[in-house]
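Q: Coordinates in input.txt, compact mmCIF, C-alpha atoms, are listed below.
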```txt
# COMPACT_ATOMS: atom_id res chain seq x y z
CA MET A 1187 229.42 -142.86 -38.17
CA ALA A 1188 226.35 -143.23 -40.41
CA GLU A 1189 225.07 -140.00 -41.89
CA SER A 1190 221.86 -138.61 -40.45
CA VAL A 1191 219.00 -138.06 -42.92
CA GLN A 1192 217.22 -135.47 -40.75
CA HIS A 1193 218.25 -131.83 -40.79
CA PHE A 1194 217.47 -130.14 -37.49
CA ASP A 1195 216.73 -126.50 -36.84
CA LEU A 1196 218.96 -126.71 -33.76
CA ILE A 1197 221.50 -129.17 -32.42
CA SER A 1198 222.96 -128.31 -29.03
CA MET A 1199 225.98 -130.01 -27.47
CA GLY A 1200 226.95 -130.05 -23.81
CA ARG A 1201 225.65 -130.29 -20.30
CA ILE A 1202 222.67 -132.33 -19.09
CA GLY A 1203 221.57 -133.47 -15.65
CA VAL A 1204 218.77 -133.69 -13.14
CA ASP A 1205 217.77 -130.52 -11.29
CA LEU A 1206 216.39 -131.02 -7.77
CA TYR A 1207 214.74 -127.75 -6.83
CA PRO A 1208 213.26 -126.94 -3.41
CA LEU A 1209 209.50 -126.67 -3.31
CA GLN A 1210 209.90 -124.02 -0.60
CA SER A 1211 211.33 -120.54 -1.16
CA ASP A 1212 213.47 -118.58 1.30
CA VAL A 1213 214.50 -121.78 3.08
CA PRO A 1214 218.17 -122.85 3.41
CA LEU A 1215 218.93 -126.13 1.67
CA ALA A 1216 219.64 -127.82 5.00
CA ARG A 1217 216.03 -127.23 6.05
CA VAL A 1218 214.24 -127.97 2.77
CA GLU A 1219 211.81 -130.87 3.15
CA SER A 1220 210.70 -131.56 -0.43
CA PHE A 1221 212.08 -131.16 -3.93
CA GLY A 1222 210.84 -131.19 -7.50
CA LYS A 1223 212.76 -133.21 -10.10
CA PHE A 1224 213.38 -131.62 -13.51
CA LEU A 1225 215.52 -132.08 -16.58
CA GLY A 1226 218.40 -129.62 -16.44
CA GLY A 1227 221.70 -128.61 -18.01
CA SER A 1228 222.17 -125.66 -20.35
CA ALA A 1229 222.48 -127.54 -23.65
CA ALA A 1230 219.41 -129.65 -22.91
CA ASN A 1231 217.39 -126.66 -21.70
CA VAL A 1232 218.16 -124.63 -24.83
CA ALA A 1233 216.98 -127.53 -27.02
CA VAL A 1234 213.78 -127.78 -24.96
CA ALA A 1235 213.21 -124.02 -25.17
CA ALA A 1236 213.51 -124.00 -28.96
CA ALA A 1237 211.32 -127.12 -29.29
CA ARG A 1238 208.62 -125.41 -27.22
CA LEU A 1239 208.65 -122.67 -29.86
CA GLY A 1240 208.06 -125.18 -32.65
CA ARG A 1241 211.63 -125.89 -33.74
CA SER A 1242 213.06 -129.34 -34.52
CA THR A 1243 215.85 -129.89 -32.02
CA ALA A 1244 218.34 -132.50 -30.84
CA VAL A 1245 221.06 -132.60 -28.20
CA ILE A 1246 224.47 -134.24 -28.19
CA THR A 1247 225.35 -135.28 -24.65
CA ARG A 1248 225.80 -138.27 -22.33
CA THR A 1249 224.18 -139.50 -19.13
CA GLY A 1250 224.94 -142.18 -16.60
CA ALA A 1251 223.64 -145.70 -17.23
CA ASP A 1252 221.25 -145.34 -14.32
CA PRO A 1253 217.61 -144.47 -13.53
CA PHE A 1254 218.30 -140.72 -13.65
CA GLY A 1255 219.77 -141.22 -17.13
CA ALA A 1256 216.63 -143.08 -18.18
CA TYR A 1257 214.54 -140.23 -16.80
CA LEU A 1258 216.45 -137.69 -18.90
CA HIS A 1259 216.00 -139.76 -22.08
CA GLU A 1260 212.27 -140.04 -21.47
CA THR A 1261 211.87 -136.38 -20.58
CA LEU A 1262 213.72 -135.15 -23.66
CA THR A 1263 211.33 -137.18 -25.80
CA GLU A 1264 208.32 -135.80 -23.94
CA PHE A 1265 209.56 -132.27 -24.66
CA GLY A 1266 209.98 -133.07 -28.36
CA VAL A 1267 213.80 -133.12 -28.35
CA ASP A 1268 215.50 -135.87 -30.38
CA ASN A 1269 217.73 -137.95 -28.09
CA ARG A 1270 219.52 -140.16 -30.63
CA TRP A 1271 222.90 -138.66 -29.63
CA VAL A 1272 222.33 -139.01 -25.88
CA THR A 1273 224.33 -142.07 -24.90
CA PRO A 1274 225.06 -143.74 -21.55
CA VAL A 1275 228.41 -143.89 -19.76
CA ASP A 1276 228.80 -146.89 -17.47
CA ALA A 1277 231.61 -145.39 -15.38
CA TYR A 1278 229.93 -142.21 -14.11
CA PRO A 1279 226.56 -141.37 -12.54
CA THR A 1280 224.11 -138.91 -14.03
CA PRO A 1281 224.80 -135.51 -12.44
CA VAL A 1282 222.34 -133.85 -10.09
CA THR A 1283 222.14 -130.17 -9.21
CA PHE A 1284 220.52 -128.63 -6.14
CA CYS A 1285 219.69 -124.98 -5.68
CA GLU A 1286 218.45 -122.64 -3.00
CA ILE A 1287 215.73 -120.14 -3.83
CA PHE A 1288 215.98 -116.69 -2.32
CA PRO A 1289 214.10 -114.34 -4.70
CA PRO A 1290 214.60 -112.02 -6.36
CA ASP A 1291 218.31 -112.46 -7.11
CA ASP A 1292 219.96 -115.14 -4.97
CA PHE A 1293 219.85 -118.71 -6.31
CA PRO A 1294 222.96 -120.63 -5.19
CA LEU A 1295 223.72 -123.79 -7.19
CA TYR A 1296 225.33 -126.98 -5.89
CA PHE A 1297 226.65 -129.25 -8.65
CA TYR A 1298 227.23 -132.95 -8.02
CA ARG A 1299 229.34 -133.90 -11.05
CA ARG A 1300 232.16 -135.93 -9.53
CA PRO A 1301 234.26 -137.91 -10.12
CA LYS A 1302 233.31 -136.79 -13.64
CA ALA A 1303 230.13 -135.86 -15.44
CA PRO A 1304 229.15 -138.17 -18.33
CA ASP A 1305 228.52 -135.14 -20.57
CA LEU A 1306 232.28 -134.50 -20.49
CA GLU A 1307 232.85 -137.97 -21.99
CA ILE A 1308 231.84 -136.97 -25.52
CA HIS A 1309 234.46 -138.29 -27.98
CA THR A 1310 235.42 -136.99 -31.41
CA ASP A 1311 234.89 -140.37 -33.10
CA GLU A 1312 231.29 -140.57 -31.83
CA LEU A 1313 230.08 -137.35 -33.46
CA ASP A 1314 227.74 -137.23 -36.45
CA TYR A 1315 229.60 -134.52 -38.34
CA PHE A 1316 227.14 -134.60 -41.23
CA ALA A 1317 224.26 -133.74 -38.91
CA ILE A 1318 226.30 -131.08 -37.11
CA ARG A 1319 227.15 -129.37 -40.38
CA ALA A 1320 223.60 -129.69 -41.73
CA ALA A 1321 221.82 -128.19 -38.69
CA ARG A 1322 220.55 -124.66 -39.20
CA ILE A 1323 221.95 -123.74 -35.77
CA PHE A 1324 224.67 -125.55 -33.83
CA TRP A 1325 224.99 -124.51 -30.16
CA ILE A 1326 227.96 -125.21 -27.87
CA THR A 1327 228.83 -124.11 -24.33
CA GLY A 1328 231.88 -123.05 -22.36
CA THR A 1329 231.49 -125.99 -19.99
CA GLY A 1330 232.13 -128.31 -22.93
CA LEU A 1331 235.66 -126.88 -23.08
CA SER A 1332 236.40 -127.61 -19.43
CA GLU A 1333 237.78 -131.13 -19.72
CA GLU A 1334 238.88 -133.81 -22.17
CA PRO A 1335 237.63 -135.56 -24.21
CA SER A 1336 234.72 -133.11 -24.42
CA ARG A 1337 237.04 -130.19 -25.17
CA SER A 1338 238.54 -131.85 -28.24
CA ALA A 1339 235.14 -133.09 -29.39
CA THR A 1340 233.63 -129.62 -29.09
CA LEU A 1341 236.44 -128.00 -31.05
CA ALA A 1342 236.34 -130.78 -33.66
CA ALA A 1343 232.62 -130.24 -34.12
CA LEU A 1344 233.17 -126.50 -34.56
CA LYS A 1345 235.91 -127.04 -37.14
CA ALA A 1346 233.75 -129.52 -39.06
CA ARG A 1347 230.88 -127.06 -38.93
CA ASP A 1348 233.18 -124.39 -40.44
CA LYS A 1349 230.69 -121.58 -39.69
CA SER A 1350 228.04 -123.10 -41.93
CA GLY A 1351 224.64 -121.76 -40.95
CA ILE A 1352 224.51 -120.18 -37.50
CA THR A 1353 226.96 -121.41 -34.87
CA VAL A 1354 226.33 -120.16 -31.32
CA PHE A 1355 228.82 -120.15 -28.46
CA ASP A 1356 227.12 -119.87 -25.05
CA LEU A 1357 230.07 -118.57 -23.02
CA ASP A 1358 228.67 -120.35 -19.92
CA TRP A 1359 231.55 -119.77 -17.48
CA ARG A 1360 231.21 -121.97 -14.40
CA PRO A 1361 234.65 -122.31 -12.76
CA ALA A 1362 233.42 -124.97 -10.33
CA LEU A 1363 232.99 -127.32 -13.29
CA TRP A 1364 236.56 -127.02 -14.55
CA SER A 1365 238.49 -130.00 -13.21
CA ASN A 1366 242.02 -128.58 -13.23
CA ALA A 1367 242.42 -126.06 -10.42
CA ALA A 1368 244.66 -123.88 -12.59
CA TRP A 1369 242.01 -123.68 -15.30
CA LYS A 1370 239.51 -122.18 -12.89
CA ASP A 1371 241.48 -118.99 -13.56
CA PRO A 1372 239.94 -117.12 -16.50
CA GLU A 1373 243.42 -116.35 -17.82
CA GLU A 1374 244.06 -120.07 -18.21
CA ALA A 1375 240.66 -120.80 -19.76
CA ARG A 1376 240.69 -117.85 -22.16
CA PRO A 1377 242.74 -119.53 -24.93
CA TYR A 1378 240.11 -122.26 -25.26
CA TYR A 1379 237.41 -119.62 -25.48
CA ALA A 1380 239.41 -117.76 -28.13
CA GLU A 1381 239.76 -120.91 -30.23
CA ALA A 1382 236.03 -121.61 -30.03
CA LEU A 1383 235.18 -118.01 -30.94
CA ARG A 1384 237.19 -118.34 -34.14
CA HIS A 1385 234.68 -120.94 -35.35
CA THR A 1386 231.39 -119.42 -34.19
CA THR A 1387 229.08 -116.77 -35.63
CA VAL A 1388 227.17 -115.78 -32.47
CA ALA A 1389 228.46 -115.34 -28.91
CA VAL A 1390 226.09 -115.06 -25.95
CA GLY A 1391 227.07 -114.33 -22.36
CA ASN A 1392 226.61 -112.21 -19.26
CA LEU A 1393 229.21 -109.67 -18.20
CA ASP A 1394 231.18 -112.17 -16.10
CA GLU A 1395 231.30 -114.64 -18.99
CA CYS A 1396 232.20 -111.97 -21.52
CA GLU A 1397 235.06 -110.87 -19.29
CA VAL A 1398 236.39 -114.44 -19.17
CA ALA A 1399 236.27 -114.63 -22.96
CA THR A 1400 237.64 -111.18 -23.75
CA GLY A 1401 239.39 -109.72 -20.70
CA VAL A 1402 237.14 -106.62 -20.71
CA ARG A 1403 233.91 -105.94 -18.86
CA GLU A 1404 232.21 -102.77 -20.12
CA PRO A 1405 229.25 -104.00 -22.24
CA ARG A 1406 230.05 -102.21 -25.49
CA ALA A 1407 233.73 -103.12 -25.17
CA CYS A 1408 232.73 -106.76 -24.59
CA ALA A 1409 230.65 -106.76 -27.75
CA GLU A 1410 233.43 -105.19 -29.79
CA ALA A 1411 235.99 -107.66 -28.44
CA LEU A 1412 233.75 -110.63 -29.29
CA LEU A 1413 233.27 -109.30 -32.81
CA ALA A 1414 237.03 -108.84 -33.14
CA ALA A 1415 237.48 -112.46 -32.02
CA GLY A 1416 235.53 -113.65 -35.06
CA VAL A 1417 231.79 -113.72 -34.41
CA GLU A 1418 229.14 -111.92 -36.48
CA LEU A 1419 226.77 -111.18 -33.59
CA ALA A 1420 227.66 -110.45 -29.96
CA VAL A 1421 224.91 -110.67 -27.33
CA VAL A 1422 225.82 -109.25 -23.92
CA LYS A 1423 223.40 -109.84 -21.06
CA GLN A 1424 223.58 -107.06 -18.46
CA GLY A 1425 221.20 -108.31 -15.78
CA PRO A 1426 218.92 -105.50 -14.55
CA LYS A 1427 220.24 -103.23 -17.32
CA GLY A 1428 218.87 -105.48 -20.05
CA VAL A 1429 220.61 -106.93 -23.10
CA LEU A 1430 222.95 -105.38 -25.66
CA ALA A 1431 223.33 -107.02 -29.08
CA VAL A 1432 225.72 -105.79 -31.78
CA ARG A 1433 226.25 -107.15 -35.30
CA ARG A 1434 229.45 -106.91 -37.29
CA ASP A 1435 227.82 -104.42 -39.69
CA GLY A 1436 227.25 -102.02 -36.79
CA THR A 1437 223.55 -102.78 -36.29
CA ALA A 1438 222.80 -102.71 -32.56
CA ALA A 1439 219.86 -103.14 -30.22
CA GLU A 1440 219.56 -102.62 -26.50
CA VAL A 1441 216.57 -104.19 -24.76
CA PRO A 1442 215.35 -103.24 -21.28
CA PRO A 1443 214.43 -105.98 -18.82
CA VAL A 1444 210.85 -107.25 -18.82
CA PRO A 1445 209.34 -106.66 -15.36
CA VAL A 1446 208.15 -109.88 -13.72
CA GLU A 1447 207.96 -111.19 -10.18
CA VAL A 1448 211.02 -113.42 -9.97
CA VAL A 1449 210.46 -116.89 -8.52
CA ASN A 1450 213.64 -118.63 -9.69
CA GLY A 1451 216.17 -116.96 -11.97
CA LEU A 1452 217.80 -120.24 -12.96
CA GLY A 1453 217.02 -121.33 -16.51
CA ALA A 1454 216.12 -117.84 -17.70
CA GLY A 1455 219.32 -117.68 -19.75
CA ASP A 1456 218.51 -120.98 -21.45
CA ALA A 1457 215.01 -119.77 -22.32
CA PHE A 1458 216.65 -116.64 -23.71
CA GLY A 1459 218.95 -118.84 -25.79
CA GLY A 1460 216.21 -121.01 -27.25
CA ALA A 1461 214.13 -117.96 -28.11
CA LEU A 1462 217.17 -116.20 -29.59
CA CYS A 1463 217.61 -119.18 -31.91
CA HIS A 1464 213.93 -119.01 -32.86
CA GLY A 1465 214.27 -115.34 -33.77
CA LEU A 1466 217.45 -115.88 -35.77
CA LEU A 1467 215.85 -118.76 -37.68
CA SER A 1468 212.78 -116.62 -38.34
CA GLY A 1469 214.93 -113.92 -39.93
CA TRP A 1470 213.63 -111.19 -37.62
CA GLU A 1471 215.36 -107.87 -37.21
CA LEU A 1472 217.81 -107.72 -34.34
CA ASP A 1473 215.73 -105.67 -31.92
CA ARG A 1474 212.68 -107.93 -32.32
CA THR A 1475 214.80 -111.05 -31.85
CA VAL A 1476 216.46 -109.82 -28.66
CA ARG A 1477 213.25 -108.41 -27.22
CA TYR A 1478 211.51 -111.75 -27.82
CA ALA A 1479 214.39 -113.68 -26.21
CA ASN A 1480 214.43 -111.34 -23.24
CA ALA A 1481 210.70 -111.90 -22.69
CA ALA A 1482 211.13 -115.69 -22.85
CA GLY A 1483 213.82 -115.48 -20.18
CA ALA A 1484 211.63 -113.30 -17.99
CA LEU A 1485 208.80 -115.83 -18.17
CA VAL A 1486 211.03 -118.62 -16.92
CA ALA A 1487 212.35 -116.40 -14.14
CA SER A 1488 208.75 -116.02 -12.97
CA ARG A 1489 208.38 -119.83 -12.64
CA LEU A 1490 209.99 -122.48 -10.43
CA ALA A 1491 211.43 -124.94 -12.94
CA CYS A 1492 213.75 -124.62 -15.94
CA SER A 1493 212.94 -127.11 -18.70
CA SER A 1494 209.26 -127.59 -17.93
CA ALA A 1495 208.88 -123.82 -17.53
CA MET A 1496 210.00 -122.98 -21.07
CA PRO A 1497 207.31 -120.80 -22.66
CA THR A 1498 205.28 -121.25 -25.82
CA GLY A 1499 205.26 -118.62 -28.52
CA SER A 1500 201.84 -117.36 -27.51
CA GLU A 1501 202.99 -116.90 -23.91
CA VAL A 1502 205.97 -114.82 -25.06
CA GLU A 1503 203.79 -112.70 -27.33
CA ASP A 1504 201.28 -112.12 -24.54
CA LEU A 1505 204.02 -110.89 -22.22
CA LEU A 1506 205.50 -108.68 -24.92
CA ALA A 1507 202.15 -107.06 -25.53
CA GLY A 1508 202.38 -105.42 -22.11
CA ALA A 1509 206.17 -105.02 -21.88
CA PRO A 1510 208.21 -101.82 -22.37
CA GLN A 1511 209.26 -101.29 -25.97
CA THR A 1512 212.84 -101.83 -27.12
CA ARG A 1513 215.07 -98.80 -26.90
CA ALA A 1514 217.31 -98.44 -29.92
CA ALA A 1515 221.00 -98.68 -29.19
CA GLU A 1516 223.46 -96.32 -30.76
CA PRO A 1517 224.88 -98.01 -33.87
CA SER A 1518 228.45 -99.17 -33.81
CA ALA A 1519 231.03 -98.75 -36.46
CA PRO A 1520 231.19 -101.95 -38.51
CA ALA A 1521 233.73 -104.41 -37.16
CA PRO A 1522 236.63 -105.35 -39.42
CA SER A 1523 236.21 -108.60 -41.28
CA THR A 1524 238.01 -111.62 -39.90
CA THR A 1525 238.98 -115.04 -41.14
CA ALA A 1526 238.70 -118.17 -39.06
```
As structure tokens, please, write out the structure in this file.
A:
Amino acid sequence: MAESVQHFDLISMGRIGVDLYPLQSDVPLARVESFGKFLGGSAANVAVAAARLGRSTAVITRTGADPFGAYLHETLTEFGVDNRWVTPVDAYPTPVTFCEIFPPDDFPLYFYRRPKAPDLEIHTDELDYFAIRAARIFWITGTGLSEEPSRSATLAALKARDKSGITVFDLDWRPALWSNAAWKDPEEARPYYAEALRHTTVAVGNLDECEVATGVREPRACAEALLAAGVELAVVKQGPKGVLAVRRDGTAAEVPPVPVEVVNGLGAGDAFGGALCHGLLSGWELDRTVRYANAAGALVASRLACSSAMPTGSEVEDLLAGAPQTRAAEPSAPAPSTTA
């Protein structure tokens, strides 16, 4: 494939689709009368979130060759995300996702990704390895490991990247999206996670996702297990208990949640991810980076949509100005060095 001449701040790779969100809260899906249409999918949302903060971003993914696919192409461009590596698949429709909205903490998702989602049809011979290696941050997700050929393409991209720059693994465990019934078992999926962790420098996940990747659940133990698996920074999201982040050198930060009135919790993690990338690229200290990312996620949780709700830098700073200050976490002992 021809080499790309543009070096991006962030290239994400993985899921994309159309989110159809109810315009009424506290109403079962069967009784919802109207929906809003939004760009969705974790990889696409992270690229949008970082672009909203002024970063140059692109996404590697695939859509159906249909009107929803055209909508996603157009919307990525409107959000300032480069879509050169978003290609159509004739055989499969663009996925759609419905949700129900029961604030503050119940947001069931219904994925329509069958017989197969186009974003799982990414092939190794279609990747721009030069661009992947040149990006300042390369971001992949657990869903990308769920099925071939995406699994092989994701691992090939990681190996070509060879930990150059910052390589982020969003653990993103969604068993409903794994095609093989046996692989819905974390024990069966864990070897793929372990292989990806060998090639990444940052791991991000909630407690459920960290448990899939490591087999442990206590937050500090999760962080230590992720560091032992090969990453340099482990970020463990603990829901109402905030976020724990631990570096290999023992530096740690624990950030309390930012109080907001929750409208829709979906997409908050992607806003967190885009803002985390912004902080890492800015060279901020760990506590500032995580506090900033946490505030970005809180802002999206206070809004209906995902992609179109991603905050600007000034919005994050305004929220932080009135938010509780970061509490310092107890430092960890430095993790032993590892080789990929």
Q: Could you tell me how far CA of Val1441 (chain A) lies from CA of Lys1423 (chain A), in Å and to one decimal?
A: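 Taking CA of Val1441 (chain A) as the start and CA of Lys1423 (chain A) as the end point, the length is 9.6 Å.
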Q: Pick out the residues sitting within 8 Å of region 1406-1411 of chain A, and hand them over as a list of chain:residue names; count all atoms listed in the file, and ignore anything fewer than 6 positions along from it in its own chain.
A: A:Leu1393, A:Cys1396, A:Glu1397, A:Thr1400, A:Ala1420, A:Val1421, A:Val1422, A:Leu1430, A:Ala1431, A:Val1432, A:Ala1521
Q: When distances are computed from only C-alpha atoms, which of A:Ala1479, A:Leu1206, A:Ala1438, A:Ala1362 shows the smallest separation from Phe1458 (chain A)?
A: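 Among A:Ala1479, A:Leu1206, A:Ala1438, A:Ala1362, it is A:Ala1479 that comes nearest to Phe1458 (chain A).
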Q: Could you pull the residues within 9 Å of region 1263-1276 of chain A, counting all atoms listed in the file, minus those fewer than 3 positions along the same chain, as an MDAnalysis selection string?
A: chainID A and resid 1230 1233:1234 1237:1238 1242:1252 1255 1258:1260 1279:1280 1304:1305 1307 1312:1314 1493:1494
Q: For Arg1376 (chain A), find every residue with an atom within 10 Å (counting all atoms listed in the file), except residues of its own chain fewer than 5 positions away, and show them as a list in words.
A: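 In the requested form, the answer reads Trp1369, Asp1371, Glu1381, Ala1382, Glu1397, Val1398, Ala1399, Thr1400 and Gly1401 of chain A.
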Q: Excluding Ala1342 (chain A) and its own-chain neighbours fewer than 2 positions away, which residues fall within 12 Å of it when counting all atoms listed in the file? Please give them as a ChimeraX atom specification.
A: /A:1308-1315,1318-1319,1326,1330-1331,1335-1340,1344-1348,1381-1382,1385
Q: Go ahead and write the selection's residues with C-alpha atoms as a tab-separated table (two decimals), in the coordinates of the input.
A:
```tsv
chain	number	residue	atom	x	y	z
A	1308	ILE	CA	231.84	-136.97	-25.52
A	1309	HIS	CA	234.46	-138.29	-27.98
A	1310	THR	CA	235.42	-136.99	-31.41
A	1311	ASP	CA	234.89	-140.37	-33.10
A	1312	GLU	CA	231.29	-140.57	-31.83
A	1313	LEU	CA	230.08	-137.35	-33.46
A	1314	ASP	CA	227.74	-137.23	-36.45
A	1315	TYR	CA	229.60	-134.52	-38.34
A	1318	ILE	CA	226.30	-131.08	-37.11
A	1319	ARG	CA	227.15	-129.37	-40.38
A	1326	ILE	CA	227.96	-125.21	-27.87
A	1330	GLY	CA	232.13	-128.31	-22.93
A	1331	LEU	CA	235.66	-126.88	-23.08
A	1335	PRO	CA	237.63	-135.56	-24.21
A	1336	SER	CA	234.72	-133.11	-24.42
A	1337	ARG	CA	237.04	-130.19	-25.17
A	1338	SER	CA	238.54	-131.85	-28.24
A	1339	ALA	CA	235.14	-133.09	-29.39
A	1340	THR	CA	233.63	-129.62	-29.09
A	1344	LEU	CA	233.17	-126.50	-34.56
A	1345	LYS	CA	235.91	-127.04	-37.14
A	1346	ALA	CA	233.75	-129.52	-39.06
A	1347	ARG	CA	230.88	-127.06	-38.93
A	1348	ASP	CA	233.18	-124.39	-40.44
A	1381	GLU	CA	239.76	-120.91	-30.23
A	1382	ALA	CA	236.03	-121.61	-30.03
A	1385	HIS	CA	234.68	-120.94	-35.35
```
Q: Calculate how many Å separate CA of Asn1392 (chain A) from CA of Asp1473 (chain A), rounding to one decimal.
A: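 Those two atoms sit 17.9 Å apart.
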Q: So which one's closest to Leu1262 (chain A), A:Leu1485, A:Leu1209, A:Ile1202, A:Val1218? Using only C-alpha atoms, please.
A: A:Ile1202
Q: Quick one: pull the distance between CA of Lys1349 (chain A) and CA of Glu1333 (chain A), Å, one decimal.
A: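 Spanning CA of Lys1349 (chain A) to CA of Glu1333 (chain A) is a straight-line distance of 23.2 Å.
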Q: Could you tell me which of A:Trp1470, A:Phe1316, A:Phe1254, A:Tyr1298 comes closest to Ser1350 (chain A) if we count all atoms listed in the file?
A: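 Closest residue, counting all atoms listed in the file: A:Phe1316.
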Q: So which residues fall inside 10 Å of (229.8, -133.6, -11.5) if we count all atoms listed in the file? Mind giving them as an NGL selection string?
A: :A and (1203 or 1278-1283 or 1296-1306 or 1362-1365)
Q: Let me make sure I understand: among A:Ser1488, A:Pro1377, A:Leu1383, A:Pro1290, which one has the smallest atom-to-atom distance to Pro1426 (chain A) if we use only C-alpha atoms?
A: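 Using only C-alpha atoms, Pro1426 (chain A) sits closest to A:Pro1290.
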Q: Taking only C-alpha atoms into account, name the residue in A:Ala1495, A:Glu1447, A:Met1199, A:Val1204 that is nearest to Pro1253 (chain A).
A: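 Closest to Pro1253 (chain A), using only C-alpha atoms: A:Val1204.
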Q: Find, counting only C-alpha atoms, the residue in A:Ala1439, A:Ala1317, A:Ala1415, A:Val1448 that gets nearest to Pro1289 (chain A).
A: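 Of all the options, A:Val1448 lies closest to Pro1289 (chain A).
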